[in-house]
Amino acid sequence: MLIEDRLGNMHIDDEPNHEEASNGNATLPKGLLVTNLPSELFEDRLKQVELEAAFLAVDPNASFNYFKSFTRVRVNFSNHELASTARHLFDLTMFDGRIVRCFLTQPIVVGSGAPHLLPPKREKQFLISPPASPPVGWQPVEEGEPIINYDIVSAIAHLAPG
């Protein structure tokens with residue numbers, strides 16, 4: 001079934017259910033990954049508008065992230081109910097000659113509010129190579145003469161192949 005056909009048959013409540021959102025649905029997925037898209041979609045703005053129109057009919061506040069190298073689009077919805085509705089409507093539908101798949105995704109949460117990754121903790125940093133110069137006060141250790149066992153050296157010298 002084509003995406004356009006699904007749009008004509010859909011009936012969606014415009015009012016989200018705020019009572020369910022207060023009961024712990026804030027952690028439910030509000031994003032949708034749309035996969036198996038044609039690579040031409042990422043170059044042709046008209047095809048992007050066509051795809052966006054289908055999802056904007058479900059949620060006018062939806063936002064889109066295009067991942068060209070993965071040939072996927074992430075659609076972010078206002079709430080979980082709208083994301084589930086869009087998945088139900090558009091999963092296994094035809095778009096530009098291909099059957100697209102839709103998967104719910106968890107919201108993107110980055111660390112503790114910091115915009116970048118934090119460095120590792122100090123106890124987990126190991127030295128890979130020795131320092132460029134020895135530490136202050138370091139003295140080389142005097143080594144004794146090597147112990148040579150002449151019986152073993154003689155036995156090795158008399159070994160023959162085979």
# chains A, B, ... in the order shown; residues from 1 in each chain; ligands from 1
>>> closest_atom_pairs(of="segment 75-106 of chain A", to="segment 53-63 of chain A", cutoff="8 Å", atoms="only C-alpha atoms", output="JSON lines")
{"residue": "A:Val75", "atom": "CA", "partner": "A:Ser63", "partner_atom": "CA", "distance": 5.7}
{"residue": "A:Asn76", "atom": "CA", "partner": "A:Ser63", "partner_atom": "CA", "distance": 5.2}
{"residue": "A:Phe77", "atom": "CA", "partner": "A:Ala62", "partner_atom": "CA", "distance": 4.8}
{"residue": "A:Ser78", "atom": "CA", "partner": "A:Asn61", "partner_atom": "CA", "distance": 6.6}
{"residue": "A:Leu82", "atom": "CA", "partner": "A:Asp59", "partner_atom": "CA", "distance": 6.6}
{"residue": "A:Thr85", "atom": "CA", "partner": "A:Val58", "partner_atom": "CA", "distance": 7.6}
{"residue": "A:Ala86", "atom": "CA", "partner": "A:Val58", "partner_atom": "CA", "distance": 6.4}
>>> write_last_selection(atoms="C-alpha atoms", output="PDB file, in the first residue's frame")
ATOM      1  CA  VAL A  75      11.351  11.403  12.707  1.00  0.00           C
ATOM      2  CA  ASN A  76      10.872  12.983  16.146  1.00  0.00           C
ATOM      3  CA  PHE A  77       7.270  13.279  17.366  1.00  0.00           C
ATOM      4  CA  SER A  78       5.641  15.267  20.179  1.00  0.00           C
ATOM      5  CA  LEU A  82       1.766   9.925  17.739  1.00  0.00           C
ATOM      6  CA  THR A  85       0.344   5.841  15.254  1.00  0.00           C
ATOM      7  CA  ALA A  86       2.832   6.827  12.562  1.00  0.00           C
TER       8      ALA A  86
END
>>> residues_around(residues="Phe70 of chain A", least_positions_apart="4", cutoff="12 Å", atoms="only C-alpha atoms", output="ChimeraX atom specification")
/A:33-39,42,65-66,74
>>> write_last_selection(atoms="N, CA and C atoms", output="JSON list (two decimals), in the first residue's frame")
[["chain", "number", "residue", "atom", "x", "y", "z"],
["A", 33, "LEU", "N", 12.46, 5.53, 13.33],
["A", 33, "LEU", "CA", 13.47, 5.37, 12.29],
["A", 33, "LEU", "C", 12.79, 4.79, 11.06],
["A", 34, "VAL", "N", 12.91, 5.47, 9.96],
["A", 34, "VAL", "CA", 12.33, 5.01, 8.70],
["A", 34, "VAL", "C", 13.49, 4.49, 7.85],
["A", 35, "THR", "N", 13.46, 3.20, 7.52],
["A", 35, "THR", "CA", 14.57, 2.56, 6.82],
["A", 35, "THR", "C", 14.15, 2.08, 5.43],
["A", 36, "ASN", "N", 15.13, 1.56, 4.70],
["A", 36, "ASN", "CA", 14.95, 1.03, 3.34],
["A", 36, "ASN", "C", 14.44, 2.12, 2.39],
["A", 37, "LEU", "N", 14.99, 3.31, 2.55],
["A", 37, "LEU", "CA", 14.60, 4.43, 1.70],
["A", 37, "LEU", "C", 15.50, 4.49, 0.47],
["A", 38, "PRO", "N", 14.99, 5.00, -0.64],
["A", 38, "PRO", "CA", 15.84, 5.12, -1.83],
["A", 38, "PRO", "C", 16.91, 6.19, -1.62],
["A", 39, "SER", "N", 18.09, 5.98, -2.17],
["A", 39, "SER", "CA", 19.19, 6.93, -1.98],
["A", 39, "SER", "C", 18.89, 8.27, -2.65],
["A", 42, "PHE", "N", 17.77, 11.53, -0.53],
["A", 42, "PHE", "CA", 18.69, 12.40, 0.19],
["A", 42, "PHE", "C", 19.26, 13.51, -0.69],
["A", 65, "ASN", "N", 15.52, 14.16, 10.75],
["A", 65, "ASN", "CA", 16.97, 14.08, 10.65],
["A", 65, "ASN", "C", 17.28, 13.05, 9.56],
["A", 66, "TYR", "N", 18.00, 13.49, 8.53],
["A", 66, "TYR", "CA", 18.34, 12.61, 7.41],
["A", 66, "TYR", "C", 19.75, 12.06, 7.61],
["A", 74, "ARG", "N", 15.27, 9.82, 10.70],
["A", 74, "ARG", "CA", 14.72, 9.79, 12.05],
["A", 74, "ARG", "C", 13.66, 10.87, 12.11]]
>>> select_by_dssp(residues="segment 54-87 of chain A", states="helix (DSSP H, G or I)", output="list in words")
Ala54, Phe55, Leu56, Lys68, Ser69, Phe70, His80, Glu81, Leu82, Ala83, Ser84, Thr85, Ala86 and Arg87 of chain A
>>> atom_distance(atom1="atom CA of Val49 of chain A", atom2="atom CA of Leu28 of chain A")
27.4 Å
>>> atom_distance(atom1="atom CA of Phe90 of chain A", atom2="atom CA of Lys30 of chain A")
15.3 Å
>>> atom_distance(atom1="atom CA of His88 of chain A", atom2="atom CA of Cys102 of chain A")
8.4 Å
>>> select_by_dssp(residues="segment 18-102 of chain A", states="strand (DSSP E or B)", output="list of chain:residue names")
A:Gly31, A:Leu32, A:Leu33, A:Val34, A:Thr35, A:Ser63, A:Phe64, A:Asn65, A:Tyr66, A:Phe67, A:Arg72, A:Val73, A:Arg74, A:Val75, A:Asn76, A:Thr93, A:Met94, A:Phe95, A:Arg98, A:Ile99, A:Val100, A:Arg101, A:Cys102
>>> write_last_selection(atoms="C-alpha atoms", output="PDB file, in the first residue's frame")
ATOM      1  CA  GLY A  31      11.148   8.823  17.665  1.00  0.00           C
ATOM      2  CA  LEU A  32      10.721   6.736  14.559  1.00  0.00           C
ATOM      3  CA  LEU A  33      13.474   5.372  12.286  1.00  0.00           C
ATOM      4  CA  VAL A  34      12.332   5.012   8.698  1.00  0.00           C
ATOM      5  CA  THR A  35      14.572   2.557   6.818  1.00  0.00           C
ATOM      6  CA  SER A  63      11.096  17.091  13.027  1.00  0.00           C
ATOM      7  CA  PHE A  64      13.313  15.163  10.619  1.00  0.00           C
ATOM      8  CA  ASN A  65      16.967  14.082  10.647  1.00  0.00           C
ATOM      9  CA  TYR A  66      18.343  12.614   7.414  1.00  0.00           C
ATOM     10  CA  PHE A  67      21.167  10.045   7.646  1.00  0.00           C
ATOM     11  CA  ARG A  72      17.505   6.321   7.038  1.00  0.00           C
ATOM     12  CA  VAL A  73      15.412   9.162   8.379  1.00  0.00           C
ATOM     13  CA  ARG A  74      14.717   9.792  12.054  1.00  0.00           C
ATOM     14  CA  VAL A  75      11.351  11.403  12.707  1.00  0.00           C
ATOM     15  CA  ASN A  76      10.872  12.983  16.146  1.00  0.00           C
ATOM     16  CA  THR A  93       4.228   0.847   2.922  1.00  0.00           C
ATOM     17  CA  MET A  94       5.566   1.749  -0.515  1.00  0.00           C
ATOM     18  CA  PHE A  95       7.543   4.937  -1.021  1.00  0.00           C
ATOM     19  CA  ARG A  98      10.413   0.569  -2.141  1.00  0.00           C
ATOM     20  CA  ILE A  99       8.772  -0.948   0.911  1.00  0.00           C
ATOM     21  CA  VAL A 100       9.861   1.156   3.888  1.00  0.00           C
ATOM     22  CA  ARG A 101      10.185  -0.091   7.465  1.00  0.00           C
ATOM     23  CA  CYS A 102       9.471   1.991  10.553  1.00  0.00           C
TER      24      CYS A 102
END
